[in-house]
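S.K.: Below: one structure in C-alpha cells.
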Amino acid sequence: MLGTLGSLLRYSVSNIDMVVLMRAEIEWLKKYIYLQRDRFNNSFDCQYDFPEEVLNFPIYKMLLQPIVENVILHAFEDIRSGGMIYFKAEIMEDGRLRVSIRDNGSGMSPETLEEIRQEIREKSALNSKSIGISNVINRLWIYYHDRAELYVNSVLGQGSEFILIIPDVEDRQFD
C-alpha cells in the first residue's frame, strides 16, 4: 500500500500540464481507486471497459482523476457496500476519445445537476463544493478549447454519469 501511495504521489506532483498516454492515466487511476477502496472499506468497486487502441491515445495528465474522486466522495457518501464505478473509453469515428465515468451511487438532485450543467455551458468556476469538476471544466477549456465536450447526467438515488469527449492533442487544429 505504501508503494502504491508513493507511486501516486510521484505521478501527481510532476508536471500536471504534461501529455501522457491513456495507458499511464488508466494505471494511475487503478492505483488511486485501489487506495480509495481500502480507505472506504471496499464499499465500492470499479469495472473497466476499453479496447486496446485507447491505451495509446494521448491525454493530459490527471484529467480524469477529479471526476473519479467526486464519485467516491459524493456518490458513495452514504453507501457501505455495492457501489460501482463503470469506466468506459473508446475512440470515436471522428478520432476523438470518449470517456464515460458512471456510478450507481446517490445521484444528484435536479437542481444540483442543472447547476453543474450551467457551469459547464458557461465554462466558469463552480462553487466550492464542486472544485474537482470546476478543475476539469477549466482544464478542458485551456487544453482543448471548444473541441472538448463534457456532459453530466444523473438521477437522484440511481447514480450519475460524466462523459468527456476530447480530441487527440497531437491534432493541432484547435490551436
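Residues are named by chain letter and number: chains run A, B, ... in the order of the C-alpha cells, numbers start at 1 in each chain, and ligands are numbered from 1 in the order shown.
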Would you list the contacts of segment 83-85 of chain A as a ChimeraX atom specification, taking every protein, DNA or RNA residue within 7 Å and counting only C-alpha atoms, but skipping same-chain residues closer than 2 positions in sequence?
M.R.: /A:43-47,76,79,81,87,101-105
S.K.: For N, CA, C and O atoms, I'd like the residues from the last selection saved as a PDB file, in the first residue's frame.
M.R.:
ATOM      1  N   SER A  43     -16.243  -0.545  -0.027  1.00  0.00           N
ATOM      2  CA  SER A  43     -17.671  -0.281  -0.214  1.00  0.00           C
ATOM      3  C   SER A  43     -18.038  -0.082  -1.684  1.00  0.00           C
ATOM      4  O   SER A  43     -19.215   0.002  -2.016  1.00  0.00           O
ATOM      5  N   PHE A  44     -17.026  -0.019  -2.541  1.00  0.00           N
ATOM      6  CA  PHE A  44     -17.285   0.123  -3.969  1.00  0.00           C
ATOM      7  C   PHE A  44     -16.225  -0.631  -4.747  1.00  0.00           C
ATOM      8  O   PHE A  44     -15.188  -1.020  -4.225  1.00  0.00           O
ATOM      9  N   ASP A  45     -16.504  -0.843  -6.020  1.00  0.00           N
ATOM     10  CA  ASP A  45     -15.557  -1.480  -6.923  1.00  0.00           C
ATOM     11  C   ASP A  45     -15.572  -0.713  -8.241  1.00  0.00           C
ATOM     12  O   ASP A  45     -16.339   0.243  -8.389  1.00  0.00           O
ATOM     13  N   CYS A  46     -14.759  -1.122  -9.174  1.00  0.00           N
ATOM     14  CA  CYS A  46     -14.679  -0.440 -10.458  1.00  0.00           C
ATOM     15  C   CYS A  46     -14.573  -1.463 -11.575  1.00  0.00           C
ATOM     16  O   CYS A  46     -13.828  -2.445 -11.453  1.00  0.00           O
ATOM     17  N   GLN A  47     -15.324  -1.238 -12.647  1.00  0.00           N
ATOM     18  CA  GLN A  47     -15.226  -2.063 -13.851  1.00  0.00           C
ATOM     19  C   GLN A  47     -14.667  -1.208 -14.974  1.00  0.00           C
ATOM     20  O   GLN A  47     -15.073  -0.042 -15.133  1.00  0.00           O
ATOM     21  N   PHE A  76     -20.895   7.959  -3.305  1.00  0.00           N
ATOM     22  CA  PHE A  76     -20.867   6.824  -2.387  1.00  0.00           C
ATOM     23  C   PHE A  76     -20.817   7.261  -0.924  1.00  0.00           C
ATOM     24  O   PHE A  76     -20.500   6.468  -0.044  1.00  0.00           O
ATOM     25  N   ILE A  79     -23.066   5.079   1.057  1.00  0.00           N
ATOM     26  CA  ILE A  79     -23.113   3.685   0.623  1.00  0.00           C
ATOM     27  C   ILE A  79     -22.036   2.889   1.364  1.00  0.00           C
ATOM     28  O   ILE A  79     -20.871   3.278   1.382  1.00  0.00           O
ATOM     29  N   SER A  81     -21.773  -0.620   0.922  1.00  0.00           N
ATOM     30  CA  SER A  81     -21.369  -1.738   0.068  1.00  0.00           C
ATOM     31  C   SER A  81     -22.142  -1.673  -1.247  1.00  0.00           C
ATOM     32  O   SER A  81     -23.187  -1.031  -1.321  1.00  0.00           O
ATOM     33  N   PHE A  87     -16.081   2.518 -15.780  1.00  0.00           N
ATOM     34  CA  PHE A  87     -15.176   3.347 -16.568  1.00  0.00           C
ATOM     35  C   PHE A  87     -15.114   2.765 -17.972  1.00  0.00           C
ATOM     36  O   PHE A  87     -14.692   1.625 -18.165  1.00  0.00           O
ATOM     37  N   ILE A 101     -17.609   7.927 -17.225  1.00  0.00           N
ATOM     38  CA  ILE A 101     -17.409   7.528 -15.835  1.00  0.00           C
ATOM     39  C   ILE A 101     -18.789   7.564 -15.189  1.00  0.00           C
ATOM     40  O   ILE A 101     -19.359   8.636 -14.981  1.00  0.00           O
ATOM     41  N   ARG A 102     -19.315   6.381 -14.938  1.00  0.00           N
ATOM     42  CA  ARG A 102     -20.688   6.231 -14.445  1.00  0.00           C
ATOM     43  C   ARG A 102     -20.658   5.533 -13.092  1.00  0.00           C
ATOM     44  O   ARG A 102     -19.779   4.713 -12.835  1.00  0.00           O
ATOM     45  N   ASP A 103     -21.626   5.851 -12.256  1.00  0.00           N
ATOM     46  CA  ASP A 103     -21.696   5.200 -10.955  1.00  0.00           C
ATOM     47  C   ASP A 103     -23.141   4.833 -10.634  1.00  0.00           C
ATOM     48  O   ASP A 103     -24.071   5.319 -11.265  1.00  0.00           O
ATOM     49  N   ASN A 104     -23.304   3.980  -9.651  1.00  0.00           N
ATOM     50  CA  ASN A 104     -24.633   3.586  -9.184  1.00  0.00           C
ATOM     51  C   ASN A 104     -24.907   4.197  -7.803  1.00  0.00           C
ATOM     52  O   ASN A 104     -25.628   3.632  -7.000  1.00  0.00           O
ATOM     53  N   GLY A 105     -24.335   5.357  -7.567  1.00  0.00           N
ATOM     54  CA  GLY A 105     -24.428   5.988  -6.253  1.00  0.00           C
ATOM     55  C   GLY A 105     -25.696   6.782  -6.041  1.00  0.00           C
ATOM     56  O   GLY A 105     -26.741   6.509  -6.635  1.00  0.00           O
TER      57      GLY A 105
END
S.K.: Would you mind listing what lies within 7 Å of Ile165 of chain A as a ChimeraX atom specification, with only C-alpha atoms counted and same-chain residues fewer than 2 positions away left out?
M.R.: /A:96-99,148-150,163,167
S.K.: Identify which of the residues A:Ser100, A:Asn153, A:Asn56, A:Glu122 lies closest to Val68 of chain A, counting only C-alpha atoms when measuring atom-to-atom distances.
M.R.: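 Comparing A:Ser100, A:Asn153, A:Asn56, A:Glu122 against Val68 of chain A, the winner is A:Ser100.
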S.K.: Taking into account only C-alpha atoms, which residue in the set A:Gln65, A:Ser109, A:Ser134, A:Gln118 is nearest to Leu156 of chain A?
M.R.: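 Among the listed residues, the smallest separation from Leu156 of chain A belongs to A:Ser109.
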S.K.: As a PyMOL selection string, please: all residues of segment 57-172 of chain A that backbone DSSP puts in helix (DSSP H, G or I).
M.R.: chain A and resi 65-75+110-122+128-147+172
S.K.: Go ahead and write the residues just picked, C-alpha atoms, as a PDB file, in the first residue's frame.
M.R.:
ATOM      1  CA  GLN A  65      -8.995  11.847 -11.510  1.00  0.00           C
ATOM      2  CA  PRO A  66     -11.160  14.734 -10.202  1.00  0.00           C
ATOM      3  CA  ILE A  67     -14.267  13.078 -11.627  1.00  0.00           C
ATOM      4  CA  VAL A  68     -13.426   9.718 -10.061  1.00  0.00           C
ATOM      5  CA  GLU A  69     -12.681  11.461  -6.770  1.00  0.00           C
ATOM      6  CA  ASN A  70     -16.042  13.242  -6.959  1.00  0.00           C
ATOM      7  CA  VAL A  71     -17.806   9.915  -7.456  1.00  0.00           C
ATOM      8  CA  ILE A  72     -16.060   8.334  -4.494  1.00  0.00           C
ATOM      9  CA  LEU A  73     -16.620  11.255  -2.131  1.00  0.00           C
ATOM     10  CA  HIS A  74     -20.153  12.277  -3.136  1.00  0.00           C
ATOM     11  CA  ALA A  75     -21.924   9.427  -4.938  1.00  0.00           C
ATOM     12  CA  PRO A 110     -32.302  18.131 -10.423  1.00  0.00           C
ATOM     13  CA  GLU A 111     -31.172  21.491  -9.016  1.00  0.00           C
ATOM     14  CA  THR A 112     -27.576  20.361  -8.469  1.00  0.00           C
ATOM     15  CA  LEU A 113     -27.486  18.709 -11.889  1.00  0.00           C
ATOM     16  CA  GLU A 114     -28.714  21.888 -13.590  1.00  0.00           C
ATOM     17  CA  GLU A 115     -26.205  23.989 -11.638  1.00  0.00           C
ATOM     18  CA  ILE A 116     -23.333  21.821 -12.876  1.00  0.00           C
ATOM     19  CA  ARG A 117     -24.669  21.803 -16.445  1.00  0.00           C
ATOM     20  CA  GLN A 118     -24.923  25.594 -16.380  1.00  0.00           C
ATOM     21  CA  GLU A 119     -21.346  25.918 -15.166  1.00  0.00           C
ATOM     22  CA  ILE A 120     -20.214  23.584 -17.948  1.00  0.00           C
ATOM     23  CA  ARG A 121     -22.048  25.690 -20.556  1.00  0.00           C
ATOM     24  CA  GLU A 122     -20.600  28.907 -19.155  1.00  0.00           C
ATOM     25  CA  SER A 128     -16.644  25.392  -3.548  1.00  0.00           C
ATOM     26  CA  LYS A 129     -18.411  22.034  -3.240  1.00  0.00           C
ATOM     27  CA  SER A 130     -17.597  21.205  -6.879  1.00  0.00           C
ATOM     28  CA  ILE A 131     -13.922  22.125  -7.058  1.00  0.00           C
ATOM     29  CA  GLY A 132     -12.964  18.869  -8.813  1.00  0.00           C
ATOM     30  CA  ILE A 133     -15.489  19.337 -11.613  1.00  0.00           C
ATOM     31  CA  SER A 134     -14.516  23.002 -11.904  1.00  0.00           C
ATOM     32  CA  ASN A 135     -10.915  21.861 -12.322  1.00  0.00           C
ATOM     33  CA  VAL A 136     -11.916  19.522 -15.173  1.00  0.00           C
ATOM     34  CA  ILE A 137     -14.011  22.218 -16.913  1.00  0.00           C
ATOM     35  CA  ASN A 138     -11.192  24.753 -16.726  1.00  0.00           C
ATOM     36  CA  ARG A 139      -8.513  22.338 -17.898  1.00  0.00           C
ATOM     37  CA  LEU A 140     -10.651  21.104 -20.804  1.00  0.00           C
ATOM     38  CA  TRP A 141     -11.126  24.702 -21.936  1.00  0.00           C
ATOM     39  CA  ILE A 142      -7.439  25.597 -21.538  1.00  0.00           C
ATOM     40  CA  TYR A 143      -6.121  22.490 -23.295  1.00  0.00           C
ATOM     41  CA  TYR A 144      -8.740  21.799 -25.938  1.00  0.00           C
ATOM     42  CA  HIS A 145     -10.805  24.992 -26.297  1.00  0.00           C
ATOM     43  CA  ASP A 146     -14.179  24.275 -27.890  1.00  0.00           C
ATOM     44  CA  ARG A 147     -13.106  20.903 -29.278  1.00  0.00           C
ATOM     45  CA  ARG A 172      -3.383  20.854 -33.582  1.00  0.00           C
TER      46      ARG A 172
END
S.K.: Please return, as a short mmCIF file (atom, residue, chain, number, x, y, z; two decimals) with N, CA and C atoms, in the first residue's frame, all residues of chain A that DSSP assigns to strand (DSSP E) on the basis of the backbone.
M.R.:
data_model
loop_
_atom_site.label_atom_id
_atom_site.label_comp_id
_atom_site.auth_asym_id
_atom_site.auth_seq_id
_atom_site.Cartn_x
_atom_site.Cartn_y
_atom_site.Cartn_z
N VAL A 19 1.41 15.75 -21.25
CA VAL A 19 0.59 14.80 -22.00
C VAL A 19 1.17 13.40 -21.77
N VAL A 20 0.29 12.47 -21.43
CA VAL A 20 0.68 11.07 -21.23
C VAL A 20 -0.22 10.21 -22.10
N LEU A 21 0.17 8.98 -22.28
CA LEU A 21 -0.72 8.05 -22.97
C LEU A 21 -1.82 7.63 -22.01
N PHE A 44 -17.03 -0.02 -2.54
CA PHE A 44 -17.29 0.12 -3.97
C PHE A 44 -16.22 -0.63 -4.75
N ASP A 45 -16.50 -0.84 -6.02
CA ASP A 45 -15.56 -1.48 -6.92
C ASP A 45 -15.57 -0.71 -8.24
N CYS A 46 -14.76 -1.12 -9.17
CA CYS A 46 -14.68 -0.44 -10.46
C CYS A 46 -14.57 -1.46 -11.58
N GLN A 47 -15.32 -1.24 -12.65
CA GLN A 47 -15.23 -2.06 -13.85
C GLN A 47 -14.67 -1.21 -14.97
N TYR A 48 -13.77 -1.78 -15.74
CA TYR A 48 -13.13 -1.07 -16.84
C TYR A 48 -13.53 -1.72 -18.16
N ASP A 49 -13.81 -0.89 -19.15
CA ASP A 49 -14.18 -1.37 -20.46
C ASP A 49 -13.56 -0.43 -21.51
N PRO A 58 -3.23 9.99 -26.58
CA PRO A 58 -2.61 10.99 -25.70
C PRO A 58 -3.67 11.81 -24.96
N ILE A 59 -3.43 12.03 -23.68
CA ILE A 59 -4.37 12.78 -22.85
C ILE A 59 -3.57 13.59 -21.83
N TYR A 60 -4.11 14.73 -21.45
CA TYR A 60 -3.44 15.50 -20.41
C TYR A 60 -3.57 14.76 -19.08
N GLY A 83 -21.28 -0.27 -4.10
CA GLY A 83 -21.03 0.84 -5.01
C GLY A 83 -20.21 0.37 -6.21
N MET A 84 -20.49 0.95 -7.37
CA MET A 84 -19.76 0.55 -8.57
C MET A 84 -19.48 1.77 -9.44
N ILE A 85 -18.24 1.85 -9.89
CA ILE A 85 -17.84 2.84 -10.89
C ILE A 85 -17.63 2.08 -12.18
N TYR A 86 -18.23 2.57 -13.24
CA TYR A 86 -18.07 1.96 -14.56
C TYR A 86 -17.26 2.93 -15.41
N PHE A 87 -16.08 2.52 -15.78
CA PHE A 87 -15.18 3.35 -16.57
C PHE A 87 -15.11 2.77 -17.97
N LYS A 88 -15.57 3.53 -18.95
CA LYS A 88 -15.57 3.07 -20.33
C LYS A 88 -14.91 4.12 -21.20
N ALA A 89 -14.06 3.68 -22.12
CA ALA A 89 -13.40 4.60 -23.04
C ALA A 89 -13.38 3.98 -24.43
N GLU A 90 -13.53 4.84 -25.43
CA GLU A 90 -13.47 4.38 -26.82
C GLU A 90 -13.04 5.53 -27.71
N ILE A 91 -12.45 5.18 -28.82
CA ILE A 91 -12.11 6.19 -29.82
C ILE A 91 -13.26 6.23 -30.82
N LEU A 97 -11.55 10.90 -28.36
CA LEU A 97 -11.70 9.93 -27.28
C LEU A 97 -12.97 10.24 -26.51
N ARG A 98 -13.78 9.22 -26.28
CA ARG A 98 -14.99 9.36 -25.46
C ARG A 98 -14.78 8.54 -24.19
N VAL A 99 -14.84 9.21 -23.05
CA VAL A 99 -14.67 8.56 -21.76
C VAL A 99 -15.96 8.73 -20.97
N SER A 100 -16.49 7.63 -20.47
CA SER A 100 -17.67 7.66 -19.63
C SER A 100 -17.28 7.14 -18.24
N ILE A 101 -17.61 7.93 -17.22
CA ILE A 101 -17.41 7.53 -15.83
C ILE A 101 -18.79 7.56 -15.19
N ARG A 102 -19.32 6.38 -14.94
CA ARG A 102 -20.69 6.23 -14.44
C ARG A 102 -20.66 5.53 -13.09
N ASP A 103 -21.63 5.85 -12.26
CA ASP A 103 -21.70 5.20 -10.95
C ASP A 103 -23.14 4.83 -10.63
N GLU A 149 -15.70 18.28 -25.01
CA GLU A 149 -17.07 18.36 -24.51
C GLU A 149 -17.14 17.62 -23.17
N LEU A 150 -18.02 18.11 -22.31
CA LEU A 150 -18.26 17.47 -21.02
C LEU A 150 -19.76 17.47 -20.79
N TYR A 151 -20.29 16.30 -20.51
CA TYR A 151 -21.72 16.14 -20.24
C TYR A 151 -21.88 15.45 -18.90
N VAL A 152 -22.98 15.76 -18.25
CA VAL A 152 -23.30 15.07 -17.00
C VAL A 152 -24.78 14.73 -17.01
N ASN A 153 -25.07 13.50 -16.62
CA ASN A 153 -26.44 13.02 -16.46
C ASN A 153 -26.54 12.41 -15.08
N SER A 154 -27.70 12.54 -14.46
CA SER A 154 -27.85 11.98 -13.12
C SER A 154 -29.32 11.81 -12.80
N VAL A 155 -29.60 10.78 -12.01
CA VAL A 155 -30.93 10.55 -11.47
C VAL A 155 -30.75 10.33 -9.97
N GLY A 159 -27.69 7.25 -9.50
CA GLY A 159 -26.31 7.43 -9.95
C GLY A 159 -26.15 8.55 -10.95
N SER A 160 -24.92 8.71 -11.38
CA SER A 160 -24.55 9.78 -12.31
C SER A 160 -23.62 9.25 -13.37
N GLU A 161 -23.50 10.02 -14.44
CA GLU A 161 -22.55 9.69 -15.50
C GLU A 161 -21.92 10.98 -16.00
N PHE A 162 -20.61 10.98 -16.08
CA PHE A 162 -19.85 12.07 -16.69
C PHE A 162 -19.27 11.54 -17.99
N ILE A 163 -19.44 12.31 -19.05
CA ILE A 163 -18.92 11.92 -20.35
C ILE A 163 -17.99 13.02 -20.83
N LEU A 164 -16.75 12.65 -21.09
CA LEU A 164 -15.77 13.58 -21.66
C LEU A 164 -15.49 13.15 -23.09
N ILE A 165 -15.45 14.10 -23.98
CA ILE A 165 -15.07 13.84 -25.36
C ILE A 165 -13.92 14.79 -25.65
N ILE A 166 -12.76 14.22 -25.94
CA ILE A 166 -11.58 15.06 -26.13
C ILE A 166 -10.86 14.69 -27.43
#
S.K.: Using only C-alpha atoms, which residue out of A:Lys123, A:Met108, A:Lys61, A:Asp94 lies closest to Glu25 of chain A?
M.R.: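 Nearest candidate to Glu25 of chain A out of A:Lys123, A:Met108, A:Lys61, A:Asp94: A:Lys61.
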